[in-house]
>>> print(open('upload-v3.cif').read())   # mmCIF, C-alpha atoms
data_protein
loop_
_atom_site.label_atom_id
_atom_site.label_comp_id
_atom_site.auth_asym_id
_atom_site.auth_seq_id
_atom_site.Cartn_x
_atom_site.Cartn_y
_atom_site.Cartn_z
CA MET B 28 39.55 -24.74 -170.93
CA LYS B 29 42.57 -26.95 -171.60
CA LYS B 30 42.57 -28.29 -175.15
CA LEU B 31 43.09 -31.98 -175.92
CA ARG B 32 46.25 -32.40 -177.97
CA ILE B 33 45.79 -34.69 -180.98
CA LEU B 34 48.34 -36.45 -183.21
CA LEU B 35 47.03 -37.66 -186.59
CA ALA B 36 48.66 -40.78 -188.07
CA ASP B 37 47.63 -41.81 -191.59
CA ASP B 38 49.67 -42.38 -194.74
CA HIS B 39 47.11 -40.60 -196.95
CA ILE B 40 47.43 -36.83 -196.86
CA VAL B 41 43.84 -36.36 -198.06
CA MET B 42 42.59 -38.35 -195.05
CA ARG B 43 44.79 -36.37 -192.63
CA THR B 44 43.65 -33.07 -194.14
CA GLY B 45 39.99 -34.04 -193.75
CA LEU B 46 40.47 -35.20 -190.16
CA ARG B 47 42.40 -32.03 -189.25
CA ALA B 48 39.63 -29.85 -190.68
CA LEU B 49 37.03 -31.82 -188.72
CA LEU B 50 38.93 -31.66 -185.42
CA GLU B 51 40.02 -28.03 -185.63
CA ARG B 52 36.38 -26.95 -185.77
CA GLN B 53 36.14 -28.10 -182.15
CA PRO B 54 37.18 -25.42 -179.63
CA ASN B 55 38.53 -27.98 -177.15
CA LEU B 56 40.71 -29.93 -179.63
CA GLU B 57 44.12 -29.05 -181.06
CA VAL B 58 45.99 -31.01 -183.75
CA VAL B 59 49.64 -30.80 -182.69
CA GLY B 60 51.17 -33.00 -185.39
CA GLU B 61 50.78 -35.38 -188.31
CA SER B 62 52.65 -38.53 -189.31
CA GLU B 63 52.53 -40.86 -192.29
CA ASP B 64 54.11 -44.07 -190.99
CA GLY B 65 54.23 -46.05 -187.77
CA ARG B 66 57.83 -45.24 -186.81
CA GLU B 67 57.29 -41.52 -187.25
CA THR B 68 54.15 -41.77 -185.14
CA ILE B 69 56.10 -43.33 -182.27
CA GLU B 70 58.78 -40.63 -182.50
CA LEU B 71 56.24 -37.79 -182.57
CA SER B 72 54.31 -39.32 -179.68
CA ALA B 73 57.49 -39.19 -177.60
CA SER B 74 58.35 -35.60 -178.55
CA LEU B 75 54.89 -34.02 -178.71
CA LYS B 76 53.26 -35.99 -175.87
CA PRO B 77 49.71 -35.84 -177.34
CA ASP B 78 46.68 -36.72 -175.25
CA VAL B 79 45.22 -38.75 -178.12
CA VAL B 80 46.68 -40.42 -181.21
CA VAL B 81 44.26 -41.04 -184.08
CA MET B 82 45.90 -44.06 -185.70
CA ASP B 83 45.38 -45.66 -189.10
CA VAL B 84 45.86 -49.45 -189.08
CA GLY B 85 47.48 -49.89 -192.48
CA MET B 86 50.60 -47.71 -192.48
CA PRO B 87 54.05 -48.26 -194.03
CA ILE B 88 57.26 -49.15 -192.15
CA LEU B 89 55.28 -50.14 -189.03
CA ASN B 90 51.55 -50.86 -188.93
CA GLY B 91 49.17 -49.04 -186.63
CA ILE B 92 48.59 -51.99 -184.29
CA GLU B 93 52.29 -52.39 -183.48
CA ALA B 94 52.77 -48.63 -183.28
CA THR B 95 49.89 -48.51 -180.78
CA ARG B 96 51.49 -51.24 -178.68
CA MET B 97 54.76 -49.32 -178.46
CA ILE B 98 53.17 -45.93 -177.81
CA VAL B 99 50.91 -47.20 -175.02
CA GLY B 100 53.81 -49.18 -173.54
CA GLN B 101 56.03 -46.09 -173.46
CA HIS B 102 53.35 -43.49 -172.69
CA PRO B 103 50.43 -45.11 -170.80
CA THR B 104 48.57 -41.80 -170.48
CA THR B 105 48.34 -41.41 -174.27
CA ALA B 106 45.03 -42.75 -175.59
CA VAL B 107 44.82 -44.30 -179.05
CA VAL B 108 41.83 -44.19 -181.39
CA ILE B 109 42.17 -46.76 -184.17
CA LEU B 110 40.85 -46.03 -187.68
CA SER B 111 40.31 -49.08 -189.88
CA MET B 112 38.46 -50.39 -192.91
CA HIS B 113 38.06 -53.77 -191.18
CA SER B 114 35.09 -54.57 -188.94
CA ASP B 115 35.83 -58.21 -188.11
CA GLU B 116 36.56 -59.29 -184.57
CA SER B 117 40.19 -60.28 -185.14
CA TYR B 118 41.19 -56.71 -185.97
CA VAL B 119 39.22 -55.29 -183.04
CA MET B 120 40.79 -57.78 -180.62
CA ARG B 121 44.32 -57.08 -181.87
CA ALA B 122 43.74 -53.34 -181.45
CA LEU B 123 42.41 -53.75 -177.92
CA LYS B 124 45.26 -56.07 -176.91
CA ALA B 125 47.71 -53.48 -178.25
CA GLY B 126 46.17 -50.91 -175.89
CA ALA B 127 43.77 -48.94 -178.13
CA ARG B 128 40.69 -47.57 -176.38
CA ALA B 129 38.55 -46.85 -179.46
CA TYR B 130 38.00 -48.58 -182.79
CA LEU B 131 36.35 -46.68 -185.64
CA LEU B 132 35.59 -47.63 -189.20
CA LYS B 133 36.93 -45.07 -191.64
CA ASP B 134 33.53 -44.60 -193.26
CA SER B 135 32.10 -43.43 -189.92
CA ALA B 136 35.04 -41.30 -188.80
CA ALA B 137 33.32 -38.02 -189.67
CA ALA B 138 30.32 -38.94 -187.53
CA ASP B 139 32.06 -40.66 -184.62
CA LEU B 140 35.60 -39.32 -184.22
CA ILE B 141 34.75 -36.43 -181.90
CA SER B 142 32.75 -38.71 -179.59
CA ALA B 143 35.55 -41.28 -179.64
CA ILE B 144 38.20 -38.71 -178.68
CA GLN B 145 36.03 -37.41 -175.85
CA ALA B 146 35.44 -40.96 -174.59
CA VAL B 147 39.09 -42.04 -174.59
CA SER B 148 40.13 -38.77 -172.94
CA GLN B 149 37.97 -39.94 -170.01
CA ASN B 150 39.58 -43.41 -170.13
CA LYS B 151 36.46 -44.95 -171.67
CA ALA B 152 36.15 -47.25 -174.68
CA PHE B 153 34.36 -46.33 -177.91
CA PHE B 154 33.44 -48.31 -181.01
CA SER B 155 31.75 -47.45 -184.28
CA PRO B 156 28.05 -48.41 -184.02
CA LYS B 157 28.51 -50.78 -186.98
CA VAL B 158 31.35 -52.57 -185.18
CA SER B 159 29.30 -52.90 -181.98
CA ARG B 160 26.35 -54.23 -183.98
CA ILE B 161 28.46 -56.80 -185.86
CA LEU B 162 30.07 -58.03 -182.64
CA ALA B 163 26.66 -58.34 -180.96
CA GLU B 164 25.18 -60.21 -183.93
CA ASP B 165 28.16 -62.59 -184.03
CA TYR B 166 27.78 -63.24 -180.31
CA VAL B 167 24.09 -64.09 -180.62
CA ARG B 168 24.75 -66.31 -183.64
CA VAL B 169 27.46 -68.28 -181.82
CA LEU B 170 25.16 -68.77 -178.83
CA LYS B 171 22.43 -70.14 -181.10
CA GLN B 172 24.84 -72.46 -182.91
CA LYS B 173 26.11 -73.87 -179.65
CA GLY B 174 22.67 -74.00 -178.08
CA ALA B 175 24.36 -72.29 -175.15
CA VAL B 176 22.92 -70.31 -172.29
CA ASP B 177 23.94 -66.66 -172.19
CA SER B 178 26.89 -66.55 -169.79
CA TYR B 179 25.86 -63.05 -168.64
CA ASP B 180 23.06 -64.70 -166.69
CA LEU B 181 25.71 -66.40 -164.55
CA LEU B 182 26.81 -63.07 -163.08
CA THR B 183 25.41 -61.61 -159.88
CA SER B 184 24.08 -58.05 -159.89
CA ARG B 185 27.26 -56.86 -158.15
CA GLU B 186 29.45 -58.63 -160.72
CA ARG B 187 27.48 -56.94 -163.51
CA GLU B 188 28.11 -53.55 -161.93
CA ILE B 189 31.82 -54.27 -161.67
CA LEU B 190 31.99 -55.68 -165.20
CA GLN B 191 30.66 -52.41 -166.63
CA LEU B 192 33.00 -50.22 -164.59
CA LEU B 193 36.03 -52.31 -165.55
CA ALA B 194 35.00 -52.30 -169.22
CA GLU B 195 34.72 -48.52 -169.07
CA GLY B 196 38.39 -48.42 -168.12
CA LYS B 197 38.22 -47.83 -164.38
CA ALA B 198 41.00 -49.19 -162.19
CA ASN B 199 40.26 -51.42 -159.20
CA LYS B 200 40.68 -48.49 -156.79
CA GLU B 201 38.20 -46.38 -158.78
CA VAL B 202 35.66 -49.21 -158.84
CA ALA B 203 36.13 -49.73 -155.12
CA ALA B 204 35.53 -46.02 -154.43
CA ALA B 205 32.45 -45.92 -156.68
CA LEU B 206 30.86 -48.94 -154.99
CA ASN B 207 32.19 -48.29 -151.46
CA ILE B 208 33.97 -51.64 -151.25
CA SER B 209 37.64 -52.57 -150.88
CA PRO B 210 40.03 -52.99 -153.85
CA TYR B 211 40.59 -56.57 -152.67
CA THR B 212 36.86 -57.25 -153.00
CA VAL B 213 36.88 -55.75 -156.48
CA GLU B 214 39.78 -58.00 -157.50
CA THR B 215 37.95 -61.04 -156.12
CA HIS B 216 34.82 -60.16 -158.10
CA ARG B 217 36.96 -59.49 -161.19
CA SER B 218 38.48 -62.97 -160.97
CA HIS B 219 35.02 -64.52 -160.64
CA ILE B 220 33.75 -62.53 -163.63
CA LEU B 221 36.63 -63.65 -165.86
CA GLU B 222 36.19 -67.26 -164.76
CA LYS B 223 32.41 -67.32 -165.31
CA LEU B 224 32.67 -65.66 -168.73
CA ASN B 225 35.77 -67.61 -169.80
CA LEU B 226 37.71 -64.40 -170.41
CA HIS B 227 41.44 -64.05 -169.95
CA ASN B 228 42.48 -60.40 -170.17
CA PRO B 229 41.16 -56.82 -170.15
CA ALA B 230 40.85 -56.74 -173.96
CA GLU B 231 38.54 -59.75 -173.97
CA LEU B 232 36.50 -58.22 -171.15
CA ILE B 233 36.01 -54.99 -173.12
CA LEU B 234 35.09 -56.93 -176.27
CA TYR B 235 32.54 -58.97 -174.30
CA ALA B 236 31.00 -55.77 -172.90
CA VAL B 237 30.70 -54.34 -176.43
CA ARG B 238 29.03 -57.52 -177.69
CA LYS B 239 26.54 -57.35 -174.86
CA GLY B 240 25.80 -53.66 -175.39
CA ILE B 241 27.09 -52.86 -171.89
CA ILE B 242 29.37 -50.20 -173.34
CA SER B 243 29.15 -48.53 -176.73
#
>>> encode(input="upload-v3.cif", output="structure tokens")
Amino acid sequence: MKKLRILLADDHIVMRTGLRALLERQPNLEVVGESEDGRETIELSASLKPDVVVMDVGMPILNGIEATRMIVGQHPTTAVVILSMHSDESYVMRALKAGARAYLLKDSAAADLISAIQAVSQNKAFFSPKVSRILAEDYVRVLKQKGAVDSYDLLTSREREILQLLAEGKANKEVAAALNISPYTVETHRSHILEKLNLHNPAELILYAVRKGIIS
């Protein structure tokens, strides 16, 4: 079995040591390097070519969000799992827009990190349960304040299928193959979904799917 290669990025050595111990207990995971600032993380990502980077948000020299943006831009096949103390939507959205596929709160890393790494290695998204719950609660509260109808009800059953597959990280060709339709049809449905839900990019689509409990 090929092991997933992991790079740990955190400026606290105690945190890195704990994460390494957790990951190295897994037979299919291998920690190939550690870094303590954003610039070093970018350099090691280029030289070590890890499958997954576990990235702290608050790091010196260059923060984890910007480091993620550069790593994903230079190495699209490298998946990033963000570790953060912040559960509010603005941090989650910035991480997603930067290209991260998972967002974990540090206090749940021990429970959720293995699942997150497995998810992103399959090009899926993953969020700490607390983050998903907060986003869902915020979504419901905003709907009530606005007296609005749930926009999800505007989608057809086919659009709901496609929404989930896109939120899980599948490309148009993969969605087309899964549903036995053409990529052009998928793109047409995707445009309709974004228009109906007032979404503007893949990050917003993923965040919407988390709020709705469509993906975890």
>>> residues_around(input="upload-v3.cif", residues="stretch 49-54 of chain B", least_positions_apart="5", cutoff="9 Å", atoms="only C-alpha atoms", output="VMD selection string")
chain B and resid 30 33 44 137 140 to 141
>>> axis_aligned_box(input="upload-v3.cif", around="stretch 80-94 of chain B", padding_each_side="6 Å", output="JSON")
{"center_x": 50.8, "center_y": -46.4, "center_z": -187.6, "size_x": 25.0, "size_y": 24.0, "size_z": 24.8}
>>> closest_residue(input="upload-v3.cif", among="B:Glu70, B:Asp180, B:Asp64, B:Glu93", to="B:Ala122", atoms="all atoms listed in the file")
B:Glu93
>>> closest_residue(input="upload-v3.cif", among="B:Lys124, B:Arg185, B:Lys239, B:His227", to="B:Glu164", atoms="all atoms listed in the file")
B:Lys239
>>> atom_distance(input="upload-v3.cif", atom1="atom CA of B:Asn150", atom2="atom CA of B:Ser74")
22.0 Å
>>> resolve_selection(input="upload-v3.cif", expression="the PyMOL selection byres ((chain B and resi 133) around 10)", output="JSON, numbers by chain")
{"B": [42, 83, 109, 110, 111, 112, 113, 130, 131, 132, 134, 135, 136, 137, 138, 139, 140, 155]}
>>> write_last_selection(input="upload-v3.cif", atoms="C-alpha atoms", output="short mmCIF file (atom, residue, chain, number, x, y, z; two decimals), in the frame of the given file")
data_model
loop_
_atom_site.label_atom_id
_atom_site.label_comp_id
_atom_site.auth_asym_id
_atom_site.auth_seq_id
_atom_site.Cartn_x
_atom_site.Cartn_y
_atom_site.Cartn_z
CA MET B 42 42.59 -38.35 -195.05
CA ASP B 83 45.38 -45.66 -189.10
CA ILE B 109 42.17 -46.76 -184.17
CA LEU B 110 40.85 -46.03 -187.68
CA SER B 111 40.31 -49.08 -189.88
CA MET B 112 38.46 -50.39 -192.91
CA HIS B 113 38.06 -53.77 -191.18
CA TYR B 130 38.00 -48.58 -182.79
CA LEU B 131 36.35 -46.68 -185.64
CA LEU B 132 35.59 -47.63 -189.20
CA ASP B 134 33.53 -44.60 -193.26
CA SER B 135 32.10 -43.43 -189.92
CA ALA B 136 35.04 -41.30 -188.80
CA ALA B 137 33.32 -38.02 -189.67
CA ALA B 138 30.32 -38.94 -187.53
CA ASP B 139 32.06 -40.66 -184.62
CA LEU B 140 35.60 -39.32 -184.22
CA SER B 155 31.75 -47.45 -184.28
#
>>> atom_distance(input="upload-v3.cif", atom1="atom CA of B:Glu188", atom2="atom CA of B:Leu206")
8.8 Å
>>> closest_residue(input="upload-v3.cif", among="B:Gln145, B:Ser218, B:Thr68, B:Ser114", to="B:Arg96", atoms="only C-alpha atoms")
B:Thr68
>>> closest_residue(input="upload-v3.cif", among="B:Tyr211, B:Ala125, B:Ile220, B:Ala36", to="B:Gly100", atoms="all atoms listed in the file")
B:Ala125
>>> resolve_selection(input="upload-v3.cif", expression="the PyMOL selection byres ((chain B and resi 31) around 12)", output="ChimeraX atom specification")
/B:28-30,32-34,50-51,53-59,76-80,105-106,141,144-149
>>> closest_residue(input="upload-v3.cif", among="B:Glu63, B:Glu195, B:Asp38, B:Glu231", to="B:Phe153", atoms="all atoms listed in the file")
B:Glu195
>>> atom_distance(input="upload-v3.cif", atom1="atom CA of B:Asp37", atom2="atom CA of B:Met82")
6.5 Å
>>> closest_residue(input="upload-v3.cif", among="B:Lys200, B:Lys151, B:Arg187, B:His216", to="B:Ile242", atoms="all atoms listed in the file")
B:Lys151
>>> resolve_selection(input="upload-v3.cif", expression="the PyMOL selection byres ((chain B and resi 235-238) around 7)", output="MDAnalysis selection string")
chainID B and resid 159 162:163 166 194 231:234 239:243
>>> residues_near_point(input="upload-v3.cif", point="(34.3, -58.0, -183.7)", cutoff="7 Å", atoms="only C-alpha atoms", output="ChimeraX atom specification")
/B:114-117,119,158,161-162
>>> build_atoms(input="upload-v3.cif", residues="stretch 225-237 of chain B", atoms="N, CA and C atoms", output="CSV table (one decimal), in the frame of the given file")
chain,number,residue,atom,x,y,z
B,225,ASN,N,34.7,-67.0,-169.0
B,225,ASN,CA,35.8,-67.6,-169.8
B,225,ASN,C,36.6,-66.5,-170.6
B,226,LEU,N,36.9,-65.5,-169.9
B,226,LEU,CA,37.7,-64.4,-170.4
B,226,LEU,C,39.1,-64.4,-169.7
B,227,HIS,N,40.1,-63.9,-170.5
B,227,HIS,CA,41.4,-64.0,-170.0
B,227,HIS,C,42.3,-62.8,-169.8
B,228,ASN,N,41.7,-61.6,-170.3
B,228,ASN,CA,42.5,-60.4,-170.2
B,228,ASN,C,41.5,-59.2,-170.3
B,229,PRO,N,42.0,-58.0,-170.0
B,229,PRO,CA,41.2,-56.8,-170.2
B,229,PRO,C,40.6,-56.6,-171.5
B,230,ALA,N,41.4,-56.9,-172.6
B,230,ALA,CA,40.8,-56.7,-174.0
B,230,ALA,C,39.6,-57.6,-174.2
B,231,GLU,N,39.7,-58.9,-173.8
B,231,GLU,CA,38.5,-59.8,-174.0
B,231,GLU,C,37.3,-59.3,-173.2
B,232,LEU,N,37.6,-58.7,-172.0
B,232,LEU,CA,36.5,-58.2,-171.2
B,232,LEU,C,35.8,-57.0,-171.8
B,233,ILE,N,36.6,-56.1,-172.4
B,233,ILE,CA,36.0,-55.0,-173.1
B,233,ILE,C,35.2,-55.5,-174.3
B,234,LEU,N,35.8,-56.4,-175.1
B,234,LEU,CA,35.1,-56.9,-176.3
B,234,LEU,C,33.8,-57.6,-175.9
B,235,TYR,N,33.8,-58.3,-174.8
B,235,TYR,CA,32.5,-59.0,-174.3
B,235,TYR,C,31.5,-57.9,-174.0
B,236,ALA,N,31.9,-56.8,-173.3
B,236,ALA,CA,31.0,-55.8,-172.9
B,236,ALA,C,30.4,-55.1,-174.1
B,237,VAL,N,31.2,-54.9,-175.2
B,237,VAL,CA,30.7,-54.3,-176.4
B,237,VAL,C,29.7,-55.3,-177.1
